[in-house]
Each structure stands twice: as C-alpha cells, then as structure tokens.
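Visitor: Before anything else, here's the structure in question.
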Amino acid sequence: MTENIHTRRLALSVLSRIEKDSAFANLVLRPALDASGLDERDKAFVTELVYGVTRMRRSCDFLIDPFIKKKLHPDIRTILRLGTYQLHWMKIPDHAAVSVTVSLAPRWARGLCNAVLRKVAIQTPVWPTKAIEYSYPDWIVKRLEADLGENAAEEALKSMNMAKPAVHREDGYYQDVTSQLVSDLLTQEGSWGNGLIFDICAAPGGKATAAASKGHPVVAADLSVKRLQLVKSNSLKLQVKLPLVASNGTKLPFRKGQATRVLVDAPCSGLGVLRRRADARWRIKEGDIDDLADLQLELLCSALPLLKPGGLLIYSVCTLTDSETIGVDERFRRRMKVEQVSPLPDPWRKHGEGGMILPQDLDSEGMSVFCYKAK
C-alpha cells in the first residue's frame, strides 16, 4: 500500500484544491474518496495524507525551506509537503516516500523534488518555536498560552495534531465524545421539566437528534437552509421526528415562554476542534474572535425569552478562548436575569462559572459550556 502511486496522486489532487481554491478539506476529500475505487485501507492512507499535510504544513515548510533557493511553484511546494509529511510524521521508508512522491512531479521539477526530499529525509529538526513545531499560526499559540497556561496549551496543541475518529452513539450516529456530553446536559432531568426543546444553531443536528432520539420534543433551527438539509438527512437516517426552521438565531420567530430547554451551540472560532477541522487553523483570524463573541452574546440574549420561568439555557462552544467562554458568560449575566447552574458534573473541569473539556482530557475535542436557569 505504501508504494501505491494512486493514493499519493489522489492526495495531491485534493491538497491542490485546498491550496488553490481555498476548498474545505472535508468537503473535497469525501467525494474524491467515494469516486476513487480504492479499498478502505487505501482510503484511510489518503485521509491521513490529506489531513496530516494540511495540519502540519507550517512544520513541513520549515523543513523544506532551507533547501530552496527561489520561489516555488505552489504545486511543487504541495508535492514537497506531501513527501516531507511521509518522511517525518508517517515514518514511511525514505525510498518509498521519496521515489513515489517525486514521480508525481512534472518532469522539469523532478530533480529539484528528489534533491530536496533526500536532504529533508536526513534532517534532524531543531524547532525554533512551538508554533512552528506544532504547525499553528503564532497568534493561536500565544492566545491559548495566555488563556490556558503554557503547559495546558501545549498539551492541547499536541493533542489536536493527532487524528481521532468520532464514536457511535447508541442510536448509531457518529458524534464526538464531548458533543455527546453536551447532549447529556441538554436531556438531564431537573426542575426545568421535560417539555419542548429548541436548538437554535442546530446544524448538522448531532445534539438535536440526540435529544429527539431520547423521546424529547425538539425544534431545530439554523440560519443556513443548506445546513438544515444536513439536519434533515441525519434525522431521517435515525428515524426521529425533528421539525426544522430556517431562522436567524438573533431574531427568532418563536413564541416567548414556551420552552423548557434551549440550546445555543453557537458559531465560534473552533479552537477546540482543530484535530477534526484540519484546515481551520489557517482560516480563522485573531480579529474574528471579538466579532464571534459579540454574536454569541446576541444569540444568548435572543434565546433566553423562549424559556418558561425556571427553564434551562445551555451555551456551548467548541473553543477554548476566554473571550468566547467566560467573557461571554460574564457579559450575559450582567445584561440578563439568569441563575447560574453549577457546578457541572465530571468530567467537566471548572471554567469560571461553567465547564471546559480540553482536547487532552478525553483524547477528544475541546468544548466549553455554561448552564443557566431562567427567572
């Protein structure tokens, strides 16, 4: 398998689309694999190449650049990253990683690729910074170190470079462990009762279908009609009743005071799920975080009036920044009349008045959550 040129060629094709077209890795990889005719083992190999190179491209470039004397054509840099990732992270034998990867290059570039990859193969990296070693933008490393502390941040960064598949729920749906824990909070018994649940940022529907699968009446809303189709598809596969509403979460069309529980699983920077979203670390900008925090606060303020007195509001985000977690929580509680529901059960670690799970805690995704009771 490791000498199969077809797997490398397919990986290169997908990586080129990610680089040239700014395509999302998961959206271009799946159709490419489905049309490939490869067996499951080779598909897994291609997946590791695509996600691995996408995650580690900064580290790959650090190893490549000392041997480059002029600006590289983007296609050639992608080929060199592909070879470098195999050599230093997949530990594929030099002859296989170099020879097969070089054969993917156009004839005019094969000599260059061969020479560079042979030098990369015997290189012992001395990483100048954590950001280069773990292949993140500088600002992400600095932000997480400031918010989590250096040791916890480093463990989170390392953890999010290791692939981890989602796991089956009892109903057969694939969902990350920490997302399932949020679903458990949503469906827990309590003084808020067991009536109607609104999930106002529902797509792709993992948490809404989890509640519906347990027999709760749920309405799933989302701004994107296209993403609501994912919710519909998932609910049909699970054979659960799940009414769908296309709605701006800051201007909800629902009658006030009719829900016992509302979930705001808000759009966020996603800095806790970078192992699953391979290209997200290169897309998100530090300046986006304050805008996202403002949106998250708006969504919470819009959702609260939907609850009956004593109803439960859950705010969750798959990120680790203070601004989007304890910062939003503090602003929300200053603005609105709510009662904090705390402490959260294990394995949630205390985070301000809410809870957080770091990627290294469960070898899973990072998540932050806050629970409130409406007055």
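Going through the structure tokens in order, the chains are called A, B, and so on, while each chain numbers its residues from 1 and the ligands are numbered from 1 in the order shown.
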Determine, counting only C-alpha atoms, which protein, DNA and RNA residues have an atom within 8 Å of an atom of Ser224 of chain A; residues of the same chain fewer than 4 positions away are not included. Present the result as a list in words.
Guide: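 In the requested form, the answer reads Leu228, Ala246 and Ser247 of chain A.
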Visitor: Would you tabulate, counting only C-alpha atoms, all residues of segment 20-76 of chain A that have an atom at most 10 Å from an atom of segment 82-85 of chain A, showing the closest pair of atoms and their distance in Å to one decimal, sorted by chain then ascending number, as a tab-separated table?
Guide:
```
residue	atom	partner	partner_atom	distance
A:Glu48	CA	A:Tyr85	CA	9.9
A:Leu49	CA	A:Leu82	CA	7.1
A:Val50	CA	A:Leu82	CA	8.4
A:Gly52	CA	A:Tyr85	CA	7.2
A:Val53	CA	A:Tyr85	CA	6.0
A:Thr54	CA	A:Leu82	CA	9.4
A:Met56	CA	A:Tyr85	CA	7.6
A:Arg57	CA	A:Tyr85	CA	8.4
A:Ser59	CA	A:Tyr85	CA	9.0
A:Cys60	CA	A:Thr84	CA	6.1
A:Asp61	CA	A:Thr84	CA	8.7
A:Leu63	CA	A:Thr84	CA	7.7
A:Ile64	CA	A:Thr84	CA	7.7
A:Ile76	CA	A:Leu82	CA	9.7
```
Visitor: Per residue of segment 48-107 of chain A within 10 Å of segment 117-125 of chain A, record the nearest atom pair and its distance in Å to one decimal, counting only C-alpha atoms, with rows in chain order and ascending residue number, as a Markdown table.
Guide:
```
| residue | atom | partner | partner_atom | distance |
| --- | --- | --- | --- | --- |
| A:Ser59 | CA | A:Pro125 | CA | 9.5 |
| A:Cys60 | CA | A:Val120 | CA | 9.5 |
| A:Phe62 | CA | A:Pro125 | CA | 8.9 |
| A:Leu63 | CA | A:Val120 | CA | 6.4 |
| A:Ile64 | CA | A:Val120 | CA | 6.6 |
| A:Asp65 | CA | A:Val120 | CA | 9.7 |
| A:Pro66 | CA | A:Val120 | CA | 9.3 |
| A:Phe67 | CA | A:Lys119 | CA | 7.7 |
| A:Ile79 | CA | A:Leu117 | CA | 9.9 |
| A:Leu80 | CA | A:Leu117 | CA | 6.9 |
| A:Arg81 | CA | A:Leu117 | CA | 9.3 |
| A:Leu82 | CA | A:Leu117 | CA | 10.0 |
| A:Gly83 | CA | A:Leu117 | CA | 6.7 |
| A:Thr84 | CA | A:Leu117 | CA | 6.8 |
| A:Gln86 | CA | A:Ala121 | CA | 9.6 |
| A:Leu87 | CA | A:Ala121 | CA | 6.1 |
| A:His88 | CA | A:Ala121 | CA | 7.5 |
| A:Lys91 | CA | A:Ala121 | CA | 9.9 |
| A:Pro93 | CA | A:Ala121 | CA | 9.3 |
| A:Asp94 | CA | A:Ala121 | CA | 6.6 |
| A:His95 | CA | A:Arg118 | CA | 9.1 |
| A:Ala97 | CA | A:Leu117 | CA | 8.7 |
| A:Val98 | CA | A:Leu117 | CA | 6.2 |
| A:Ser99 | CA | A:Leu117 | CA | 9.3 |
| A:Thr101 | CA | A:Leu117 | CA | 9.1 |
| A:Val102 | CA | A:Leu117 | CA | 8.5 |
```
Visitor: Enumerate the residues of segment 210-348 of chain A with a DSSP assignment of strand (DSSP E), computed from the backbone, and present them as a PyMOL selection string.
Guide: chain A and resi 218-222+244-246+259-265+307-317+338-340
Visitor: Report the closest atom pair, with its distance in Å rounded to one decimal, for each residue of segment 247-278 of chain A that has an atom no farther than 8 Å from segment 289-298 of chain A; count only C-alpha atoms, sort by chain and then rising residue number, and write it as a Markdown table.
Guide:
```
| residue | atom | partner | partner_atom | distance |
| --- | --- | --- | --- | --- |
| A:Thr250 | CA | A:Glu298 | CA | 6.0 |
| A:Ala266 | CA | A:Gln296 | CA | 6.0 |
| A:Pro267 | CA | A:Leu292 | CA | 7.1 |
| A:Cys268 | CA | A:Leu292 | CA | 5.9 |
| A:Ser269 | CA | A:Ile289 | CA | 6.4 |
```
Visitor: May I have the residues within 6 Å of segment 221-223 of chain A as a list in words, using only C-alpha atoms and disregarding those fewer than 4 positions away in the same chain?
Guide: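 So, after excluding close chain neighbours, the residues are Ile200, Cys201, Ala202, Leu244, Val245, Ala246, Ser247 and Asn248 of chain A.
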Visitor: For N, CA and C atoms, I'd like the residues from the last selection saved as a PDB file, in the first residue's frame.
Guide:
```pdb
ATOM      1  N   ILE A 200     -31.199  26.279  18.599  1.00  0.00           N
ATOM      2  CA  ILE A 200     -31.322  27.402  17.662  1.00  0.00           C
ATOM      3  C   ILE A 200     -30.141  27.547  16.700  1.00  0.00           C
ATOM      4  N   CYS A 201     -29.070  26.769  16.894  1.00  0.00           N
ATOM      5  CA  CYS A 201     -27.956  26.723  15.929  1.00  0.00           C
ATOM      6  C   CYS A 201     -27.671  25.260  15.665  1.00  0.00           C
ATOM      7  N   ALA A 202     -28.642  24.565  15.069  1.00  0.00           N
ATOM      8  CA  ALA A 202     -28.711  23.107  15.177  1.00  0.00           C
ATOM      9  C   ALA A 202     -27.805  22.329  14.238  1.00  0.00           C
ATOM     10  N   LEU A 244     -37.986  21.406  11.472  1.00  0.00           N
ATOM     11  CA  LEU A 244     -36.871  22.277  11.121  1.00  0.00           C
ATOM     12  C   LEU A 244     -37.382  23.673  10.800  1.00  0.00           C
ATOM     13  N   VAL A 245     -36.630  24.677  11.213  1.00  0.00           N
ATOM     14  CA  VAL A 245     -36.992  26.073  10.960  1.00  0.00           C
ATOM     15  C   VAL A 245     -35.748  26.825  10.505  1.00  0.00           C
ATOM     16  N   ALA A 246     -35.812  27.464   9.332  1.00  0.00           N
ATOM     17  CA  ALA A 246     -34.721  28.333   8.877  1.00  0.00           C
ATOM     18  C   ALA A 246     -34.913  29.692   9.530  1.00  0.00           C
ATOM     19  N   SER A 247     -33.958  30.072  10.370  1.00  0.00           N
ATOM     20  CA  SER A 247     -34.149  31.292  11.150  1.00  0.00           C
ATOM     21  C   SER A 247     -32.822  31.876  11.576  1.00  0.00           C
ATOM     22  N   ASN A 248     -32.760  33.205  11.576  1.00  0.00           N
ATOM     23  CA  ASN A 248     -31.636  33.917  12.169  1.00  0.00           C
ATOM     24  C   ASN A 248     -31.755  33.793  13.690  1.00  0.00           C
TER      25      ASN A 248
END
```
Visitor: Using only C-alpha atoms, can you tell me which of A:Asp279, A:Asn114, A:Leu157, A:Gly149 comes closest to Lys130 of chain A?
Guide: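 Counting only C-alpha atoms, the residue closest to Lys130 of chain A is A:Leu157.
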